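A.B. asks: If you scroll down you'll find the structure; I have some questions about it.
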Amino acid sequence: MSINPHGEIPEFRRRYRYLVVVVGLVFLLLLGRLWQMQVIQGGEYRKKSENNFVQVLRIPTVRGLIFDRRGRPLVTNRPSFDVYVTPRFTNSATLERLAEELALPPDVAKALSQKLQQVAGPKRYDPQLVLRDISRDQMAHVEAHKEELPGVSVVARAHRNYIHGNLAAHALGYLNEISGEEIARDKDRHYQPGDLVGRFGVERMYEAHLRGVAGREQVVVDARGRRKTGADVADLLRGERRVEPKPGHNITLTIDIEVQRLVERSLRAYPSAAAVVLEVPTGRILASASKPAFEPNLLTGRLSADEAQRLVDDPYRPLLDKVFRENYYPGSTYKVIPAIAALEEHLVNPDEKVNCKGAHSFGRRSFRCSHAHGKVALSEAIVESCNVYFYTLAEAVGMDAMAHYARLFGLGAPTGTGLNGEVAGFIPTKEWYVQQKQPFRLGFTLNSAIGQGNVKVTPVQVASLYATIANGGTLYLPQIVERVENSDGLLIQSFSPRVRRQVPLKPATLTLVRDALHGVVNEEKGTGSSSRLEGVEVSGKTGTAQVSRRLRKGKTIWLEDHSWFAAYAPSDRPAISVVVLIEHGGRAAKVAAPVAMEIIRDYFRYVAPDPANQRAAELVAPAAGGDRP
């Protein structure tokens, strides 16, 4: 081994230089990592550190109330207790103890554990809602053992309360828990997991007004998630310690709960039906009933999978709002449309008579009538509901003229209420048949004239049609909300009656049609005469619409007809328009007409005399006798 004059060994010197380079690189890496953690990721680690002892708790807001038109509460809030668990401060043993104290079924306890296991990252420091609306006994068990349940807390909050159960359920709606996808789309961060949102009715339509704004509060917790107090706590908190929640706005509806109650009572004998009552001078909805109804308190609570499936499988479709969301053949309630079209376009001499022998022959087909009416003119054809007369009339009027007047009265388009995904119905034209690549035949026109074929309407559209005839041609937008106020009673928004259009009708047309509708109920041959009321004159029209169901083997089974009655009352100074539809009810004169007359009778017996409805009280004296429903 060679040694230089200074006594250094060359090999050692070479290795020393390598060591210096390696050590330098290690220090550079450590410095770089330190810079990354302190500068780039410093905020994240600081947040994690603070989360070990500082929590930001969300203070639930109070959802706005819903009232009827006279200020009577329909939907309020009641106290409830919700269980929250902070995953960071709990473990499997704690969850087992919690399930034991709450007497949870094994499947519920397992689902609770799985839900918390899925929470990852910084969210493990946030309280997670695991159980909603527990009983007072369950709450007492948790509070009595809170020292043995780290990370578990019971929070008192307001829970939705539908005072009248399923009364007006489709109009009011219900709430359920927001989904993860909806939270992801919530750019303004109004919602968090576990929040309830409006899913139906006014609850959904006015969600933005009703929901309110949640508050927040900073608290200090120890390593087991227990809240700490003391003078030194404030030094650990940054910014505003507490922000108070803002309650939601209150909604006042146009619905009168007394009218709603008597409407739903009138449908008691039928499993599937719909009824709606409009205020003729304003178009406001006084009652809207779809049967069967769901129980909103049940849907807003902890609905089991079996209960949810029963609702979906129910053949009478309780989750469907039949007033706004379902299309039906209108039957003879539609006959006012071809009559008005013929009169307005001077296509008929109203005094000219057609001889009804019980059927109308057209080509190789025979279009039937209920029976042979003999010779009838236009007014008599409406009173007696003669199909043969309207088959003959349809040949003169034509499909497109009928469609034009139907649309003037709002048929074939949503009324604009905006409730429950309102459907448009359908009014066919010649062009539509061409678009369907279906050769147009005059038989389509004949069927349309009696409310069959491809004509489809909703009950609220028919109610609006008859209200427009009753008030002289003013087509209103049916309204269900009258005003919005904040929690202190300050008016936020009010809704005056809105006119969609003024339907141009000649006085002679209105006079003939109104007189005929009056005759339907008040003349001996009228199809609604058997349900005539004492003390109030009613004008209206029966409608029996044929329906069928095609089975898999191709065989057509004719079901019982849908039963309609559309009316307004009193005839001389109309206050309300009433439409009743009984699904598969059969003959309208025996089924829907008596139901509608019961609604009208009870309205003027119990509701109209009320001082809050003075105008209606002036129209007719209350009938004597009977018990209040």
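For the structure tokens, the naming scheme is as follows: chains receive sequential letters (A, B, ...) according to their order of presentation, residues are indexed from 1 within each chain, and ligands are indexed from 1 in presentation order.
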Sorted by chain and rising residue number, which residues of segment 104-173 of chain A lie within 12 Å of segment 260-271 of chain A, and what are their closest atom pairs and distances in Å to one decimal, counting only C-alpha atoms, as a tab-separated table?
C.D. replies:
residue	atom	partner	partner_atom	distance
A:His164	CA	A:Arg261	CA	9.6
A:Gly165	CA	A:Arg261	CA	11.5
A:Asn166	CA	A:Glu264	CA	10.1
A:Leu167	CA	A:Arg261	CA	7.1
A:Ala168	CA	A:Gln260	CA	6.8
A:Ala169	CA	A:Gln260	CA	10.6
A:His170	CA	A:Gln260	CA	11.7
A:Ala171	CA	A:Gln260	CA	10.4
A:Leu172	CA	A:Gln260	CA	11.9
A.B. asks: Got a sec to tell me which of segment 260-466 of chain A DSSP assigns to helix (DSSP H, G or I), as JSON, numbers by chain?
C.D. replies: {"A": [260, 261, 262, 263, 264, 265, 266, 296, 297, 298, 299, 300, 305, 306, 307, 308, 309, 310, 311, 312, 313, 331, 332, 333, 334, 335, 336, 337, 338, 339, 340, 341, 342, 343, 344, 378, 379, 380, 381, 382, 383, 384, 387, 388, 389, 390, 391, 392, 393, 394, 395, 396, 397, 399, 400, 401, 402, 403, 404, 405, 406, 407, 408, 430, 431, 432, 433, 434, 435, 442, 443, 444, 445, 446, 447, 448, 449, 459, 460, 461, 462, 463, 464, 465, 466]}
A.B. asks: Name the residues in contact with Ala208 of chain A at a cut-off of 10 Å, using only C-alpha atoms, excluding same-chain residues fewer than 5 positions from it; report them as an MDAnalysis selection string.
C.D. replies: chainID A and resid 190 197:198 203 213 248:249
A.B. asks: From a DSSP calculation on the backbone, collect every residue of segment 88-271 of chain A in strand (DSSP E) and output the set as a ChimeraX atom specification.
C.D. replies: /A:128-134,152-162,175-177,196-198,215-221,227-228,242-243,250-253
A.B. asks: Using only C-alpha atoms, which protein or nucleic acid residues come within 8 Å of segment 391-400 of chain A? Drop anything in the same chain fewer than 3 positions from it, and give the result as a PyMOL selection string.
C.D. replies: chain A and resi 338-339+341-342+347-348+354+360+367+387-388+403-404+428-430+442+444-450
A.B. asks: For Arg325 of chain A, which residue among A:Thr300, A:Thr254, A:Gln461, A:Gln114 is the nearest when counting only C-alpha atoms?
C.D. replies: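 Among the listed residues, the smallest separation from Arg325 of chain A belongs to A:Gln461.
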A.B. asks: For segment 344-346 of chain A, please output as a list in words all residues within 12 Å (counting only C-alpha atoms; exclusion window: fewer than 4 positions along the same chain).
C.D. replies: Val336, Ile337, Pro338, Ala339, Ile340, Pro350, Leu393, Ala396, Val397, Gly398, Ala401, Met402, His404, Tyr405, Val503, Pro504, Leu505, Lys506, Pro507, Ala508, Thr509, Leu510, Leu512 and Val513 of chain A
A.B. asks: Determine the nearest neighbour of Glu598 of chain A from the options A:Val536, A:Val455, A:Ala156, A:Val130, counting only C-alpha atoms.
C.D. replies: A:Val536
A.B. asks: Let me make sure I understand: among A:Pro122, A:Phe324, A:Leu517, A:Phe294, which one has the smallest atom-to-atom distance to Arg310 of chain A if we use only C-alpha atoms?
C.D. replies: A:Phe294
A.B. asks: Counting only C-alpha atoms, figure out which residue out of A:Glu352, A:Gly180, A:Leu74, A:Ala359 gets nearest to Pro296 of chain A.
C.D. replies: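 Among the listed residues, A:Leu74 lies closest to Pro296 of chain A.
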A.B. asks: I'd like the interatomic distance between atom CA of Ala275 of chain A and atom CA of Ser379 of chain A, to a tenth of an Å.
C.D. replies: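 Between atom CA of Ala275 of chain A and atom CA of Ser379 of chain A the gap is 26.8 Å.
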A.B. asks: Enter the distance from atom CA of Pro318 of chain A to atom CA of Trp564 of chain A, in Å, rounded to one decimal.
C.D. replies: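 Interatomic distance here is 19.8 Å.
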A.B. asks: At a cut-off of 10 Å, using only C-alpha atoms, what residues contact Pro414 of chain A? Leave out same-chain residues fewer than 5 positions from it and give the result as a compact mmCIF listing (two decimals) with N, CA, C and O atoms, in the first residue's frame.
C.D. replies:
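Generated file (around.txt):
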# COMPACT_ATOMS: atom_id res chain seq x y z
N PHE A 324 -102.88 14.88 -10.95
CA PHE A 324 -101.95 15.61 -11.83
C PHE A 324 -101.12 14.70 -12.72
O PHE A 324 -100.69 15.12 -13.80
N ARG A 325 -100.88 13.48 -12.28
CA ARG A 325 -99.84 12.67 -12.90
C ARG A 325 -100.36 11.55 -13.80
O ARG A 325 -99.59 10.93 -14.51
N LEU A 419 -96.91 20.68 -9.83
CA LEU A 419 -96.94 19.73 -8.73
C LEU A 419 -96.78 18.30 -9.22
O LEU A 419 -97.44 17.86 -10.16
N GLY A 421 -94.74 16.44 -10.98
CA GLY A 421 -94.43 16.04 -12.34
C GLY A 421 -95.67 15.97 -13.21
O GLY A 421 -95.88 15.01 -13.95
N GLU A 422 -96.49 17.00 -13.13
CA GLU A 422 -97.76 17.05 -13.86
C GLU A 422 -97.59 16.68 -15.33
O GLU A 422 -96.69 17.18 -16.01
N VAL A 423 -98.48 15.81 -15.82
CA VAL A 423 -98.41 15.39 -17.22
C VAL A 423 -99.33 16.27 -18.07
O VAL A 423 -100.22 16.95 -17.56
N ALA A 424 -99.10 16.22 -19.38
CA ALA A 424 -99.80 17.12 -20.30
C ALA A 424 -101.12 16.57 -20.79
O ALA A 424 -101.95 17.33 -21.31
N GLY A 425 -101.35 15.26 -20.65
CA GLY A 425 -102.49 14.69 -21.35
C GLY A 425 -102.18 14.65 -22.84
O GLY A 425 -101.04 14.90 -23.27
N VAL A 457 -106.71 13.10 -20.70
CA VAL A 457 -106.73 14.30 -19.85
C VAL A 457 -106.40 13.91 -18.42
O VAL A 457 -106.41 12.73 -18.06
N THR A 458 -106.15 14.91 -17.59
CA THR A 458 -105.99 14.71 -16.15
C THR A 458 -107.20 15.31 -15.44
O THR A 458 -107.85 16.22 -15.98
N VAL A 460 -107.37 17.42 -13.03
CA VAL A 460 -107.24 18.87 -12.80
C VAL A 460 -107.49 19.65 -14.08
O VAL A 460 -108.03 20.77 -14.04
N GLN A 461 -107.16 19.08 -15.25
CA GLN A 461 -107.46 19.74 -16.51
C GLN A 461 -108.97 19.84 -16.73
O GLN A 461 -109.47 20.86 -17.20
N LEU A 477 -104.56 29.63 -14.13
CA LEU A 477 -103.56 28.64 -13.74
C LEU A 477 -103.95 28.14 -12.36
O LEU A 477 -104.01 28.93 -11.40
A.B. asks: Pick the closest to Ala99 of chain A from A:Val312, A:Leu129, A:Leu29, A:Leu149: which is it, counting only C-alpha atoms?
C.D. replies: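 So, comparing all the options, the nearest one is A:Leu149.
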A.B. asks: When you draw a straight line from atom CA of Gly71 of chain A to atom CA of Thr252 of chain A, how long is it in Å?
C.D. replies: 7.0 Å
A.B. asks: Between A:Leu286, A:Ala516, A:Ala566, A:Ile183, which one has atoms that come closest to Gly540 of chain A, using only C-alpha atoms?
C.D. replies: A:Ala566
A.B. asks: Could you pull the residues within 8 Å of Ala569 of chain A, counting only C-alpha atoms, minus those fewer than 5 positions along the same chain, as a list in words?
C.D. replies: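 Selected residues are Val536, Glu537, Val538, Ser539, Pro574, Ala575, Ile576, Ser577 and Ile600 of chain A.
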